[in-house]
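The structure under discussion appears below in the form of structure tokens.
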Amino acid sequence: MPAPVSHLPAPVPHLPAAAPDLLDSPRDWAPAATPFGSFDLVPVRLDRDLALLAQWMNDPAVAAFWELAGPDSVTAAHLRDQLDGDGRSVPCLGVLDGTPMSYWEIYRADLDPLARHYPARPHDTGVHLLIGGVADRGRGVGTTLLRAVADLILDNRPRCPRVIAEPDLRNTPSISAFLGAGFRFHAEVDLPDKRAALMVRDRALRNLL
């Protein structure tokens, strides 16, 4: 069971000005109330979070799709690419009632290589996620949190027309979770590392699905 984060240090200073402009500062978004408890996105810090995230990446169920199994340095390199970047992708811990239990990447899909593979719109915002704790899988937590995070994005990014995801087409539990969270299946897309299901949650349909 991951350790509680009630002892988390004070938030680190903001990234340079260019970074918050791209994703409207996820670190400042208020927690979301869910049936499973209060859920918060906490931007990753390597010194605090690397060991836990590397542990999750070495879970066979996670490694099959994330392909980041191995020593901590493998996960660290993946995180540094985002943490040292221009702010178009922000890695976050998903913290449920004070306990870190999932990992999220909130990213600008229209500025990502993904945009070459679908008709991107300005400010499209993408999500990647994994549920770290085995106890939180298969009981609807992922579906609930996907809807909560999509709502956080739409509430805090008024210019974002759609929330985008591209789970591996083989990952049927993930696709089912997106469908249950109000996303719709848009298309199959061939990406460099996988054949994916392009999932879309439209702002205009958020109260209908």
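Chain identifiers are assigned as A, B, and so on, following the order in which chains appear in the structure tokens; residues are numbered from 1 within each chain, and ligands are numbered from 1 in order of appearance.
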
Interface rows for stretch 45-91 of chain A against stretch 134-146 of chain A: nearest pair, Å to one decimal, 12 Å, only C-alpha atoms, as a tab-separated table:
```
residue	atom	partner	partner_atom	distance
A:Trp56	CA	A:Val134	CA	9.8
A:Asp59	CA	A:Val134	CA	9.4
A:Pro60	CA	A:Val134	CA	11.3
A:Ala61	CA	A:Val134	CA	9.5
A:Val62	CA	A:Val134	CA	10.4
```

Grab the residues selected above and save them as an mmCIF file, in the first residue's frame with C-alpha atoms.
```cif
data_model
loop_
_atom_site.group_PDB
_atom_site.id
_atom_site.type_symbol
_atom_site.label_atom_id
_atom_site.label_comp_id
_atom_site.auth_asym_id
_atom_site.auth_seq_id
_atom_site.Cartn_x
_atom_site.Cartn_y
_atom_site.Cartn_z
ATOM 1 C CA TRP A 56 4.320 0.601 -10.373
ATOM 2 C CA ASP A 59 4.100 -4.375 -12.189
ATOM 3 C CA PRO A 60 3.606 -6.800 -15.120
ATOM 4 C CA ALA A 61 0.073 -5.507 -15.770
ATOM 5 C CA VAL A 62 1.450 -1.971 -16.136
#
```

Nearby residues (only C-alpha atoms) at most 12 Å from stretch 80-87 of chain A, same-chain spacing under 2 positions excluded, as a VMD selection string: chain A and resid 14 to 26 43 to 47 50 73 to 78 89 to 92 105 to 108 111 to 112

Skip A:Ala63 itself and residues of its chain fewer than 6 positions away, then list as number ranges by chain all residues within 12 Å of it, counting only C-alpha atoms. A: 53-57, 69-70, 74-75, 130-132

Sorted by chain and rising residue number, list the residues of stretch 49-130 of chain A at most 12 Å from stretch 163-168 of chain A (counting only C-alpha atoms), each with its closest atom pair and distance in Å to one decimal, as a Markdown table.
```
| residue | atom | partner | partner_atom | distance |
| --- | --- | --- | --- | --- |
| A:Val62 | CA | A:Asp168 | CA | 12.0 |
| A:Ala64 | CA | A:Asp168 | CA | 10.2 |
| A:Phe65 | CA | A:Asp168 | CA | 7.2 |
| A:Trp66 | CA | A:Asp168 | CA | 9.7 |
| A:Glu67 | CA | A:Asp168 | CA | 12.0 |
| A:Trp104 | CA | A:Ala165 | CA | 11.6 |
| A:Glu105 | CA | A:Ala165 | CA | 10.5 |
| A:Ile106 | CA | A:Val163 | CA | 9.8 |
| A:Tyr107 | CA | A:Ile164 | CA | 9.4 |
| A:Arg108 | CA | A:Ile164 | CA | 9.3 |
| A:Ala109 | CA | A:Ile164 | CA | 7.0 |
| A:Asp110 | CA | A:Ile164 | CA | 9.7 |
| A:Asp112 | CA | A:Ile164 | CA | 11.4 |
| A:Leu114 | CA | A:Glu166 | CA | 8.8 |
| A:Ala115 | CA | A:Ile164 | CA | 10.5 |
| A:His117 | CA | A:Glu166 | CA | 10.7 |
| A:Tyr118 | CA | A:Ile164 | CA | 10.5 |
| A:Pro119 | CA | A:Ile164 | CA | 11.5 |
| A:Ala120 | CA | A:Ile164 | CA | 9.6 |
| A:Arg121 | CA | A:Ile164 | CA | 10.6 |
| A:Pro122 | CA | A:Val163 | CA | 11.5 |
| A:His123 | CA | A:Val163 | CA | 9.3 |
| A:Asp124 | CA | A:Val163 | CA | 6.1 |
| A:Thr125 | CA | A:Val163 | CA | 5.0 |
| A:Gly126 | CA | A:Ile164 | CA | 4.4 |
| A:Val127 | CA | A:Ala165 | CA | 5.5 |
| A:His128 | CA | A:Ala165 | CA | 6.7 |
| A:Leu129 | CA | A:Pro167 | CA | 9.3 |
| A:Leu130 | CA | A:Pro167 | CA | 10.7 |
```

Taking the DSSP secondary structure from the backbone, can you list the residues of stretch 144-185 of chain A that are strand (DSSP E or B), as a PyMOL selection string? chain A and resi 162-165+168+184-185

Give me, please, the distance in Å between atom CA of A:Ala32 and atom CA of A:Met101, quoted to one decimal.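 Distance between the two atoms: 14.9 Å.
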
From the options A:Thr99, A:Trp29, A:Arg116, A:Arg170, which residue's atoms come nearest to A:Leu154, counting only C-alpha atoms?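 Answer, going by the shortest atom-to-atom distance: A:Trp29.
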
Counting only C-alpha atoms, the option among A:Arg27, A:Lys194, A:Arg147, A:Arg157 closest to A:Leu93: A:Arg27
